[in-house]
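A quick write-up on the structure given underneath.
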Amino acid sequence: MALRDSPFNEMRLPLLLSAAVALIIALVVGVTMLFSDRRETIQTQAYGVTRTMGDHVVAPVSSWITAPSRWVQNGVNAVQQYFFAVSENRRLRAELTVARNWRTTAIALQDTNERYRALLGLKVNPPIPMVSGLAVADSRGPFANSRLVNVGSEKKVEVGNPVLNENGLVGRVVGVAEGVSRVLLLTDVTSRTPVLLDRTDSRAILAGDGGPNPRLDYMRGPDPVKENDLVLTSGDGGVLPRGIPVGHAVKGLDGRWRVVLSADDGAIDYVRILLFKDFRQLANTPRLSELPAPPPTAQAPSSVTSPTVARPVASPEAQSPLSPNLAKPGERAVQQAKPSATASVTKPPPLKPSAPKPTLARPVAVSKPAAVPQAAPPSDAGDIPH
Amino acid sequence: MTLAQPLTPVRWILIPALQVIVATWLFTMPYRVFGLQPPEPVFAMVTAFAWAVIRPSVLAPFCLLLMGIGMDLIWGSPLGLWAVSLLVSYGAVLLVRNILIGQQLPILWLAFGVACALAELLGVLITQLVSHTTPRALGVVSQWGVTLAVYPWAHRLIERFDDADVRFR
């Protein structure tokens with residue numbers, strides 16, 4: 001019997017009922033998906049197979065779709081460069097004059113910085129490798145702000161890696177698949193980034209709300225921020241390295257402090273992903289998980305101390321130049337004073353410098369654990385390519 | 001004014017759904033016009049509204065579910081956010097369908113605005129529930145505004161197909 005001969009053909013009720021049932025089933029599926037999605041975590045497993053596969057499909061298609069716009073953009077840029085070459089040349093000459101002055105200052109500061117580092121025996125962050133990628137899709141709605149970048153696990157990109165452009169921090173990686181990564185922008189409603197205000201060194205949390213200017217939350221102190229204060233990543237929590245430029249503080253129309261992102265002035269398509277994991281890459285995890293040696297018994301000679309006590313635990317490559325046994329007394333003292341690199345909580349053993357050097361053999365000057373990270377010059381961020 | 005078209009699922013569901021997906025995808029291109037990023041309208045609201053006005057259907061809710069999941073995958077929003085928002089708006093329009101049939105363009109446009117507002121409001125509630133944070137009101141309103149601007153597309157669909165099924169006139 002053909003469908004048009006069906007006795008139910010003229011009846012509206014079955015179709016209305018079946019449509020209602022279909023709607024309810026679809027709603028139940030949607031709600032189930034919603035509550036099984038754990039987007040806010042930074043764990044790789046939480047990203048889910050569906051999203052990974054979705055990104056895997058979306059990225060190449062978006063790349064094809066965006067190709068014509070990239071060609072047009074390149075063409076427009078070429079025409080602009082041709083017609084505005086003279087004014088561009090004039091602007092670049094002025095910029096070069098200023099940059100030459102800055103170069104002289106930078107060389108002097110770099111020299112001073114290196115001397116301070118040598119004097120204090122500071123162990124700075126190792127150079128962080130990075131990869132460049134092309135953003136192929138960009139969502140900018142109120143509920144999600146993210147980008148798809150065409151580099152993924154094949155380039156050793158991992159969840160949590162910071163993403164920058166030439167001007168500053170863009171966001172961090174929240175999902176990785178072969179050939180594609182999803183970057184959660186600083187403006188996303190779920191984005192929370194620990195930052196510091198460069199002028200006062202006070203901490204805050206940069207909270208995205210879907211708008212172009214994320215707000216500064218949880219600021220402490222009587223007057224921690226002023227208009228146009230430079231905002232940098234604080235490195236707290238170890239997810240992001242310290243010192244990446246984020247933007248400038250401004251007072252919003254709602255009376256709250258917000259940040260004009262530096263990355264907004266840069267290119268929207270090309271980004272750089274820092275292959276930075278967290279403090280684990282600086283620390284020797286197996287060594288940290290070792291049980292401490294038992295305390296010396298009454299029979300043991302009092303001069304014997306446990307080798308694991310108060311010894312800095314560093315990764316092998318970081319340890320080699322500053323081996324605890326071979327390090328100079330001042331360097332040992334600095335290492336012992338580093339809170340993030342030590343596993344013990346006991347008092348450091350007294351130092352007995354064999355060759356007294358006035359500048360290095362004074363552990364008292366660097367024995368404050370809190371003073372050492374702050375004593376690190378801001379150019380720690382110099383290890384971060386920005 | 002276009003003449004009424006026969007109501008085959010390919011014509012009134014599949015082709016508009018594909019058009020919506022392509023339009024959504026095109027608007028995710030990372031480019032700026034005079035330093036400004038283009039808006040991000042919810043094109044799928046066109047189909048959610050028009051399908052509900054044209055006639056009840058078994059296929060439409062599942063198609064909206066798939067479109068919502070696709071939008072979440074493209075935009076990176078919580079999986080299910082747009083699926084639920086679209087389906088609830090579709091259901092709401094379906095409930096008042098008898099009132100909307102035969103109305104003039106301004107009334108339908110107003111109803112489309114209310115449906116879009118419902119979807120955006122649900123998006124806010126879901127974000128509050130899932131992420132424990134509230135999206136910026138201005139962003140929500142601006143997305144609602146640009147979505148409202150694409151109503152003529154939905155009206156064209158309604159005009160083409162609302163007389164196609166005599167049972168639901």
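Residues in the structure tokens are named by chain (A, B, ... in the order shown) and by number from 1 within that chain; ligands are numbered from 1 in the order shown.
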
Residues of chain B within 6 Å of chain A, only C-alpha atoms counted, as a list in words:
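Putting it all together, I get Thr28, Met29, Pro30, Pro56, Ser57, Val58, Pro61, Phe62, Leu73, Trp75, Ser77, Leu79, Gly80, Ala83, Val84, Pro135, Arg136, Gly139 and Val140 of chain B.
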
Please produce an output containing C-alpha atoms for each residue in the selection, written as a PDB file, in the first residue's frame.
```pdb
ATOM      1  CA  THR B  28      34.139  31.210  11.283  1.00  0.00           C
ATOM      2  CA  MET B  29      36.810  32.447   8.893  1.00  0.00           C
ATOM      3  CA  PRO B  30      39.524  34.243  10.853  1.00  0.00           C
ATOM      4  CA  PRO B  56       5.331  19.572  12.591  1.00  0.00           C
ATOM      5  CA  SER B  57       7.871  17.002  11.522  1.00  0.00           C
ATOM      6  CA  VAL B  58       9.668  13.982  12.894  1.00  0.00           C
ATOM      7  CA  PRO B  61      14.114  17.837  15.614  1.00  0.00           C
ATOM      8  CA  PHE B  62      16.819  15.305  14.772  1.00  0.00           C
ATOM      9  CA  LEU B  73      31.968  21.363  17.290  1.00  0.00           C
ATOM     10  CA  TRP B  75      32.475  26.983  17.550  1.00  0.00           C
ATOM     11  CA  SER B  77      31.075  25.676  22.783  1.00  0.00           C
ATOM     12  CA  LEU B  79      28.698  20.039  23.383  1.00  0.00           C
ATOM     13  CA  GLY B  80      24.904  20.164  23.407  1.00  0.00           C
ATOM     14  CA  ALA B  83      21.398  21.584  20.243  1.00  0.00           C
ATOM     15  CA  VAL B  84      19.301  22.132  23.371  1.00  0.00           C
ATOM     16  CA  PRO B 135      28.592  35.580  29.597  1.00  0.00           C
ATOM     17  CA  ARG B 136      28.718  39.293  28.903  1.00  0.00           C
ATOM     18  CA  GLY B 139      27.812  39.969  23.591  1.00  0.00           C
ATOM     19  CA  VAL B 140      24.579  38.042  23.987  1.00  0.00           C
TER      20      VAL B 140
END
```

Rank B:Arg11, B:Val22, B:Pro38, B:Ile74 by their smallest atom-to-atom distance to Ser142 of chain B, using only C-alpha atoms, and report the top residue only.
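Nearest to Ser142 of chain B: B:Pro38.
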
Distance atom CA of Val149 of chain A-atom CA of Val231 of chain A, one decimal place?
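Atom-to-atom, atom CA of Val149 of chain A and atom CA of Val231 of chain A are spaced 25.3 Å apart.
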
Could you list, as a PyMOL selection string, every residue within 6 Å of segment 162-173 of chain A, counting only C-alpha atoms and ignoring same-chain residues fewer than 5 positions away?
chain A and resi 182-186+245-246+262-263+266+271-274
